[in-house]
Amino acid sequence: MSQLDTRVPAVLLRIDRNPFHHGTLGAVRSLGRAGVDVHVVADVTGSPVRRSRFLRRLHPPPAPGATPADIAAVLLGVAARMERPAVLIPMDDAGAIAVSRLRADLADAYLLPQQPTELPERVADKAELAGLCAAADVPHPATVVPESAAQAASAAWRFGLPVVAKWSRPWLLPAGSGLRSTVVVRSTREARDLYLRSEEAGSRLLLQEFLPPGPYRDWFFHGYADRSGAVRGGGSGRKLCSWPRGAGLTAVGEWSPNTQVRALSERLTAALGYRGVLDLDYRRCGDTGRYHLLDFNPRPGAQFRLFADTAGLDVVRAQHLDLTHRPLPEGSPRPGRSFVVENYAPPAALRPAPHGRELAWYAADDPAPGRAMWGLWGLHVARRLLGRLRRPGPAVTPSGPPRIVHQVPPPPSPLPTPADEDAASRR
């Protein structure tokens, strides 16, 4: 018998037009395996997700550039086809922000976490996040918001290259622009040229202090903050491989309990009064041992299925259980379990996995998406290579200091002990 209330359907919303969003497939499988009818509101044209046997029905997403009223109309139209309110789970930042803004309009049709309307937008905005971290005493890399192309170049030089460049509201990036939410900038000209595309990007450019990667430095934390504020259904993990390298999504990850990462995550969640699913990214400073929060995503991370415990609980099941007033089962963590995105890290998918492994695309009980992925991925890569264009920007002379938004002075903190490092090296 399912732990979930299978009378209550689930609706997954994704506004982003990414056909290879494996997190959507993970949510379809997790809820579908529990007997829940899963509806997806997304563009899955050319996506392996549409092949899943656990998908009940696809619905057309809001059109690109849709207004909040347009998004509400789409979601209410989907709800009208159901016999009772459904659990609504946004799978991208744009969806999470839209749903939170539309809470009053959607309240009769969907079950939603109760939290301040503007909170998902504030945590997803990279500029806002710096101030939120400062208020909660959570370390965050020193960040500046340049007010001109010259200041962008000057800031990059003052930080010391390389620096990290981010768009404050990456969900506004236009499709086909070639702009990425986060890049590592290695010259003042790169910083200047990025700033000159701010109008095209639709939000402000941020430059952040670069914390060098290294063994045991890249971490993430997933969880679900329930109605009482307790964080359930997730855990801390290490990013072993990213795509693109250095500033991308998790291609290979491992469940690795980390008390400091969990404590920081729970501290920030409690300070904000956040409710719902969250996905946080951290990097440990090699000099101080401090964990710095890099990103706060108010929705499931694409690799959330890594944290399925011995009771089968993960963040999307936790949300369904909590919003239907069912108890969340008490399972045990599964440290050492790995997660691999096959198209980004094929060799890792073939290595032995003594503690268990979750593949992004292939599953023995749902093999069709995995088979479809390879053919579709090959076509996708070919189209991207043929369509890639370079867009050089005009030269600008640096002048004037940038405006400092936030810098967390790292208080003394113990570095990992030799015993900790030895234990880590044996994993």
# chains A, B, ... in the order shown; residues from 1 in each chain; ligands from 1
call {"tool": "residues_around", "arguments": {"residues": "Phe339 (chain A)", "least_positions_apart": "2", "cutoff": "6 Å", "atoms": "only C-alpha atoms", "output": "ChimeraX atom specification"}}
result
/A:252-253,306,357-359
call {"tool": "closest_atom_pairs", "arguments": {"of": "region 311-351 of chain A", "to": "region 272-275 of chain A", "cutoff": "12 Å", "atoms": "only C-alpha atoms", "output": "JSON lines"}}
result
{"residue": "A:Val315", "atom": "CA", "partner": "A:Arg275", "partner_atom": "CA", "distance": 12.0}
{"residue": "A:Ala318", "atom": "CA", "partner": "A:Arg275", "partner_atom": "CA", "distance": 11.8}
{"residue": "A:Gln319", "atom": "CA", "partner": "A:Arg275", "partner_atom": "CA", "distance": 9.8}
{"residue": "A:Asp322", "atom": "CA", "partner": "A:Arg275", "partner_atom": "CA", "distance": 10.9}
{"residue": "A:Leu323", "atom": "CA", "partner": "A:Arg275", "partner_atom": "CA", "distance": 11.1}
call {"tool": "residues_around", "arguments": {"residues": "Ala270 (chain A)", "least_positions_apart": "4", "cutoff": "10 Å", "atoms": "only C-alpha atoms", "output": "JSON, numbers by chain"}}
result
{"A": [136, 225, 229, 230, 231, 264, 265, 266, 274, 275]}
call {"tool": "residues_around", "arguments": {"residues": "Ala156 (chain A)", "least_positions_apart": "3", "cutoff": "6 Å", "atoms": "only C-alpha atoms", "output": "JSON, numbers by chain"}}
result
{"A": [153, 159, 188]}
call {"tool": "write_last_selection", "arguments": {"atoms": "all heavy atoms", "output": "PDB file, in the first residue's frame"}}
result
ATOM      1  N   ALA A 153      34.929  45.593 -15.574  1.00  0.00           N
ATOM      2  CA  ALA A 153      36.332  45.263 -15.823  1.00  0.00           C
ATOM      3  C   ALA A 153      37.188  45.581 -14.600  1.00  0.00           C
ATOM      4  O   ALA A 153      38.074  44.802 -14.215  1.00  0.00           O
ATOM      5  CB  ALA A 153      36.836  46.033 -17.043  1.00  0.00           C
ATOM      6  N   PHE A 159      39.236  41.969  -7.809  1.00  0.00           N
ATOM      7  CA  PHE A 159      39.044  40.673  -7.166  1.00  0.00           C
ATOM      8  C   PHE A 159      40.251  39.782  -7.377  1.00  0.00           C
ATOM      9  O   PHE A 159      40.615  38.991  -6.507  1.00  0.00           O
ATOM     10  CB  PHE A 159      37.801  39.971  -7.728  1.00  0.00           C
ATOM     11  CG  PHE A 159      36.550  40.232  -6.951  1.00  0.00           C
ATOM     12  CD1 PHE A 159      35.361  40.505  -7.610  1.00  0.00           C
ATOM     13  CD2 PHE A 159      36.536  40.191  -5.574  1.00  0.00           C
ATOM     14  CE1 PHE A 159      34.190  40.745  -6.910  1.00  0.00           C
ATOM     15  CE2 PHE A 159      35.374  40.421  -4.852  1.00  0.00           C
ATOM     16  CZ  PHE A 159      34.195  40.711  -5.529  1.00  0.00           C
ATOM     17  N   THR A 188      39.578  40.789 -17.886  1.00  0.00           N
ATOM     18  CA  THR A 188      38.744  41.977 -17.706  1.00  0.00           C
ATOM     19  C   THR A 188      37.867  42.210 -18.925  1.00  0.00           C
ATOM     20  O   THR A 188      36.749  42.719 -18.806  1.00  0.00           O
ATOM     21  CB  THR A 188      39.621  43.205 -17.442  1.00  0.00           C
ATOM     22  OG1 THR A 188      40.552  43.359 -18.528  1.00  0.00           O
ATOM     23  CG2 THR A 188      40.405  43.058 -16.142  1.00  0.00           C
TER      24      THR A 188
END
call {"tool": "residues_around", "arguments": {"residues": "Asp108 (chain A)", "least_positions_apart": "2", "cutoff": "10 Å", "atoms": "only C-alpha atoms", "output": "compact mmCIF listing (two decimals) with C-alpha atoms, in the first residue's frame"}}
result
# COMPACT_ATOMS: atom_id res chain seq x y z
CA LEU A 76 -6.36 26.59 -13.79
CA ALA A 79 -6.90 21.85 -12.63
CA ARG A 84 -9.93 17.49 -6.70
CA PRO A 85 -7.07 19.89 -5.85
CA ALA A 86 -3.64 18.63 -6.86
CA ARG A 103 -0.90 31.82 -4.70
CA ALA A 104 -4.23 33.59 -4.17
CA ASP A 105 -5.45 32.72 -7.67
CA LEU A 106 -4.40 29.06 -7.38
CA TYR A 110 -3.82 23.41 -5.85
CA LEU A 111 -2.15 22.44 -2.57
call {"tool": "residues_around", "arguments": {"residues": "Asp365 (chain A)", "least_positions_apart": "2", "cutoff": "12 Å", "atoms": "only C-alpha atoms", "output": "list in words"}}
result
Arg29, Ser30, Gly32, Arg33, Ser52, Arg53, Phe54, Trp361, Tyr362, Ala363, Pro367, Ala368, Pro369 and Gly370 of chain A
call {"tool": "select_by_dssp", "arguments": {"residues": "region 235-341 of chain A", "states": "strand (DSSP E)", "output": "PyMOL selection string"}}
result
chain A and resi 235-243+249-255+276-284+291-297+338-340
